[in-house]
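Novice: This is the structure I want to talk about, given as structure tokens.
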Amino acid sequence: MRAIVWLHEDGLRLDDCRELPALFVFDDALMRRLGYGLKRITFIYETLVELEVTIRRGDTASEVQRFAAEHGAETLRLRPTVCPERLAIIADLARHFAIDELPEPVFVTAPERLDLKRFSRYWRRVGAQAMLPTAKQG
Amino acid sequence: MTDLPTSFADREALADYLRQAFADFAEGDAPPATLPGGRRAAEPLLEAVDPPLYARTRNHLDGAVTRLSPYLRHGIVTLAEVRDRALATSGERAAKLVNELGWRDYYQRAHAKLGQRVWEDQEPSKTGLDAADYASDLPPEVERGETSLACIDAFARDLARTGYLHNHARMYVAAYVVHWRRVRWQAGAAWFLRHLLDGDPASNNLSWQWVASTFSHKPYIFNRANLERATDGRYCRDCPSARDCPFAGSYEELAARLFPELERVA
């Protein structure tokens, strides 16, 4: 199945998917909601120029769909995100595409029921593991 | 839809283009003096990471902090990668740096669980004050850097110009906004997110809540002696408010002044 990469600002790198067509969308409405200014736009834009990806401006979901259609792609590759606004867009796009989340290098593998009420509790569980190099993470 | 340009003579040409194309997002007249985006710009910062020196000096505003946060926040560099390099060069002496990397991982996990609730108090505040005691909006003179407090004003202007502040400067400003000015932490968090290149509701909002005490056991405050130590007194020397500094005093005196209700309960 043909794939494209949808790059978003929670994961601005290509690494293992350099050979695929990749798109970034500057979405004015979303940037306003997230409170972005020109400094942030400049930082992101410089990163994209270096990555040599396609940059467009408009509604994210519509532009991703248009770009995918241009490349006859049915799969979207993307980096994980915890941004609620972006997760909503991904849920929307998942109605049209197979979503293939790219694996992140592991910082720590957290146990299923991790107590996040305080950093100290989190660190008691994962601190020793964090001192192992990625190659030795489970 | 046409593609946006991806080829520019230099950084200045790119900045000129963006100033016009994204004029609606301009943040004032001063040209931004930000860290450059991209992996190539992150490389020398990665090379320069010195974990033992970081551990010794990071609380000083001139300390050997990494400035990798904008690159980490945007996934240009990963936590795992910085950790691996630090372990390779410094072994166990990388522990403090790895611990600080852990904060970002922790906040990301918390955000994944909380979603938009990162904008809500996670717990009742421990200041003895009610939500109604806090103003909704940031006073404009704070945002403009015109409070007559040399330290806070310098931090506010640095934030707007560079999109970066040392972690301790962030904590000082947040404590000032929430505890000295009694402004809701959300107003300060939104201000920071508008400017910080590494701005992320996870680390940003939950750190503001940590200062406010809605995500910690007690409110974070600082005093003048602490700030002078971390800055070699550079702001206090010419500060117009030096004789009447609201941060002067012991932690006990400041807490009594800022949180009178707690005294009454005790």
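If you're wondering about the labels, chains in the structure tokens are A, B, ... by order shown, residues count from 1 in each chain, ligands from 1 in order shown.
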I want to know what sits within 6 Å of Ile55 of chain A, based on only C-alpha atoms, with residues of the same chain fewer than 3 positions away left out; could you give that as a short mmCIF file (atom, residue, chain, number, x, y, z; two decimals) with C-alpha atoms, in the first residue's frame?

Specialist:
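selection_4.cif written:
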data_model
loop_
_atom_site.label_atom_id
_atom_site.label_comp_id
_atom_site.auth_asym_id
_atom_site.auth_seq_id
_atom_site.Cartn_x
_atom_site.Cartn_y
_atom_site.Cartn_z
CA LEU A 23 3.86 17.00 3.94
CA PHE A 24 3.64 19.65 6.64
CA VAL A 25 0.57 21.90 6.88
CA ASP B 3 3.38 24.64 -2.19
CA LEU B 4 5.05 27.18 0.07
#

Novice: For chain A versus chain B, which residues have an atom no more than 9 Å away, and what is each residue's nearest atom pair and distance in Å rounded to one decimal, using only C-alpha atoms, chain-then-number order, as CSV?

Specialist:
residue,atom,partner,partner_atom,distance
A:His8,CA,B:His74,CA,8.6
A:Glu9,CA,B:His74,CA,5.4
A:Asp10,CA,B:His74,CA,4.7
A:Gly11,CA,B:Gly75,CA,4.1
A:Leu12,CA,B:Ile76,CA,5.2
A:Arg13,CA,B:Ile76,CA,5.4
A:Arg32,CA,B:Phe25,CA,8.4
A:Leu34,CA,B:Leu193,CA,8.0
A:Gly35,CA,B:Arg194,CA,5.0
A:Tyr36,CA,B:Arg194,CA,5.3
A:Gly37,CA,B:Phe25,CA,4.9
A:Leu38,CA,B:Phe25,CA,5.3
A:Lys39,CA,B:Pro32,CA,6.3
A:Arg40,CA,B:Leu197,CA,5.5
A:Ile41,CA,B:Leu18,CA,8.0
A:Thr42,CA,B:Ala15,CA,6.9
A:Phe43,CA,B:Gly37,CA,4.4
A:Ile44,CA,B:Gly37,CA,6.1
A:Tyr45,CA,B:Gly37,CA,7.4
A:Glu46,CA,B:Gly37,CA,4.9
A:Thr47,CA,B:Gly38,CA,3.8
A:Leu48,CA,B:Gly38,CA,7.3
A:Val49,CA,B:Thr6,CA,5.2
A:Glu50,CA,B:Gly38,CA,6.2
A:Leu51,CA,B:Gly38,CA,7.9
A:Glu52,CA,B:Thr6,CA,7.0
A:Val53,CA,B:Thr6,CA,8.1
A:Thr54,CA,B:Asp3,CA,6.5
A:Ile55,CA,B:Leu4,CA,5.3
A:Arg56,CA,B:Asp3,CA,5.1
A:Arg57,CA,B:Leu4,CA,7.5
A:Gly58,CA,B:Met1,CA,8.5
A:Glu63,CA,B:Met1,CA,8.2
A:Arg66,CA,B:Met1,CA,8.8
A:Arg79,CA,B:Gly75,CA,8.8
A:Thr81,CA,B:Ala112,CA,8.4
A:Val82,CA,B:Ala112,CA,5.0
A:Cys83,CA,B:Gly115,CA,7.3
A:Pro84,CA,B:Gly115,CA,5.7
A:Glu85,CA,B:Gln116,CA,8.9
A:Glu104,CA,B:Thr78,CA,8.3
A:Pro105,CA,B:Ala80,CA,6.0
A:Val106,CA,B:Ala80,CA,6.1
A:Phe107,CA,B:Ala80,CA,4.7
A:Val108,CA,B:Ala80,CA,8.4
A:Leu116,CA,B:Ala110,CA,6.3
A:Lys117,CA,B:Phe215,CA,7.9
A:Arg118,CA,B:Ser216,CA,7.4
A:Phe119,CA,B:Tyr106,CA,6.8
A:Tyr122,CA,B:Tyr106,CA,7.2
A:Trp123,CA,B:Gly102,CA,7.6
A:Val126,CA,B:Gly102,CA,8.9
A:Gly127,CA,B:Asn99,CA,7.2
A:Ala130,CA,B:Val98,CA,7.0
A:Met131,CA,B:Val98,CA,7.0
A:Leu132,CA,B:Leu87,CA,8.0
A:Pro133,CA,B:Asp84,CA,5.2
A:Thr134,CA,B:Ala80,CA,6.2
A:Ala135,CA,B:Asp84,CA,9.0

Novice: Could you turn the residues from that selection into a file that holds C-alpha atoms, as a compact mmCIF listing (two decimals), in the first residue's frame?

Specialist:
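Output saved as again-v4.txt:
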# COMPACT_ATOMS: atom_id res chain seq x y z
CA HIS A 8 3.43 17.58 12.44
CA GLU A 9 5.25 19.75 14.95
CA ASP A 10 5.42 17.12 17.69
CA GLY A 11 7.80 15.05 15.55
CA LEU A 12 9.77 17.04 13.00
CA ARG A 13 12.16 14.42 11.70
CA ARG A 32 -4.31 30.37 16.64
CA LEU A 34 -2.50 26.71 20.14
CA GLY A 35 -1.33 30.31 20.59
CA TYR A 36 1.58 30.22 18.13
CA GLY A 37 3.38 33.39 17.08
CA LEU A 38 5.92 34.23 14.41
CA LYS A 39 8.90 33.02 16.46
CA ARG A 40 7.49 29.52 16.62
CA ILE A 41 6.45 29.56 12.95
CA THR A 42 10.00 30.60 12.01
CA PHE A 43 11.57 27.82 14.08
CA ILE A 44 9.29 25.20 12.52
CA TYR A 45 9.71 26.58 8.99
CA GLU A 46 13.51 26.49 9.22
CA THR A 47 13.31 22.89 10.33
CA LEU A 48 11.07 22.00 7.39
CA VAL A 49 13.32 23.70 4.84
CA GLU A 50 16.19 21.58 6.08
CA LEU A 51 14.08 18.41 5.82
CA GLU A 52 13.13 19.28 2.20
CA VAL A 53 9.48 18.35 2.61
CA THR A 54 6.38 19.81 0.96
CA ILE A 55 4.91 22.72 2.91
CA ARG A 56 1.32 23.86 2.45
CA ARG A 57 -1.11 26.12 4.24
CA GLY A 58 -4.75 25.44 5.01
CA GLU A 63 -4.57 19.26 2.86
CA ARG A 66 -5.36 16.23 -1.05
CA ARG A 79 4.94 10.40 14.72
CA THR A 81 1.54 12.95 19.67
CA VAL A 82 -0.33 13.70 22.90
CA CYS A 83 -1.76 17.00 21.62
CA PRO A 84 -5.57 16.73 21.97
CA GLU A 85 -6.23 18.93 18.93
CA GLU A 104 9.90 6.33 18.83
CA PRO A 105 13.21 5.42 20.43
CA VAL A 106 12.32 4.32 23.95
CA PHE A 107 13.26 6.58 26.87
CA VAL A 108 11.65 4.27 29.42
CA LEU A 116 1.62 10.17 37.71
CA LYS A 117 0.35 12.27 40.62
CA ARG A 118 3.91 13.33 41.47
CA PHE A 119 7.18 13.17 39.54
CA TYR A 122 7.04 8.19 38.53
CA TRP A 123 10.80 8.41 39.00
CA VAL A 126 11.44 4.27 36.11
CA GLY A 127 14.54 6.18 37.29
CA ALA A 130 16.17 5.59 32.45
CA MET A 131 19.90 5.21 33.18
CA LEU A 132 20.11 2.34 30.67
CA PRO A 133 20.94 3.11 27.03
CA THR A 134 18.13 2.74 24.50
CA ALA A 135 19.61 -0.50 23.14

Novice: One decimal, in Å: what's the spacing between atom CA of Ser203 of chain B and atom CA of Arg104 of chain B?

Specialist: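 Atom CA of Ser203 of chain B sits 6.4 Å away from atom CA of Arg104 of chain B.
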
Novice: Using only C-alpha atoms, pick whichever of A:Ala110, A:Ala128, A:Leu7, A:Ala22 has the shortest atom-to-atom distance to Glu70 of chain A.

Specialist: A:Ala22

Novice: Name the closest residue to Leu20 of chain A among the candidates A:Ala73, A:Ile4, A:Ala88, A:Ile99; distances are taken between atoms, counting only C-alpha atoms.

Specialist: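 Under the stated criterion, the closest residue is A:Ile4.
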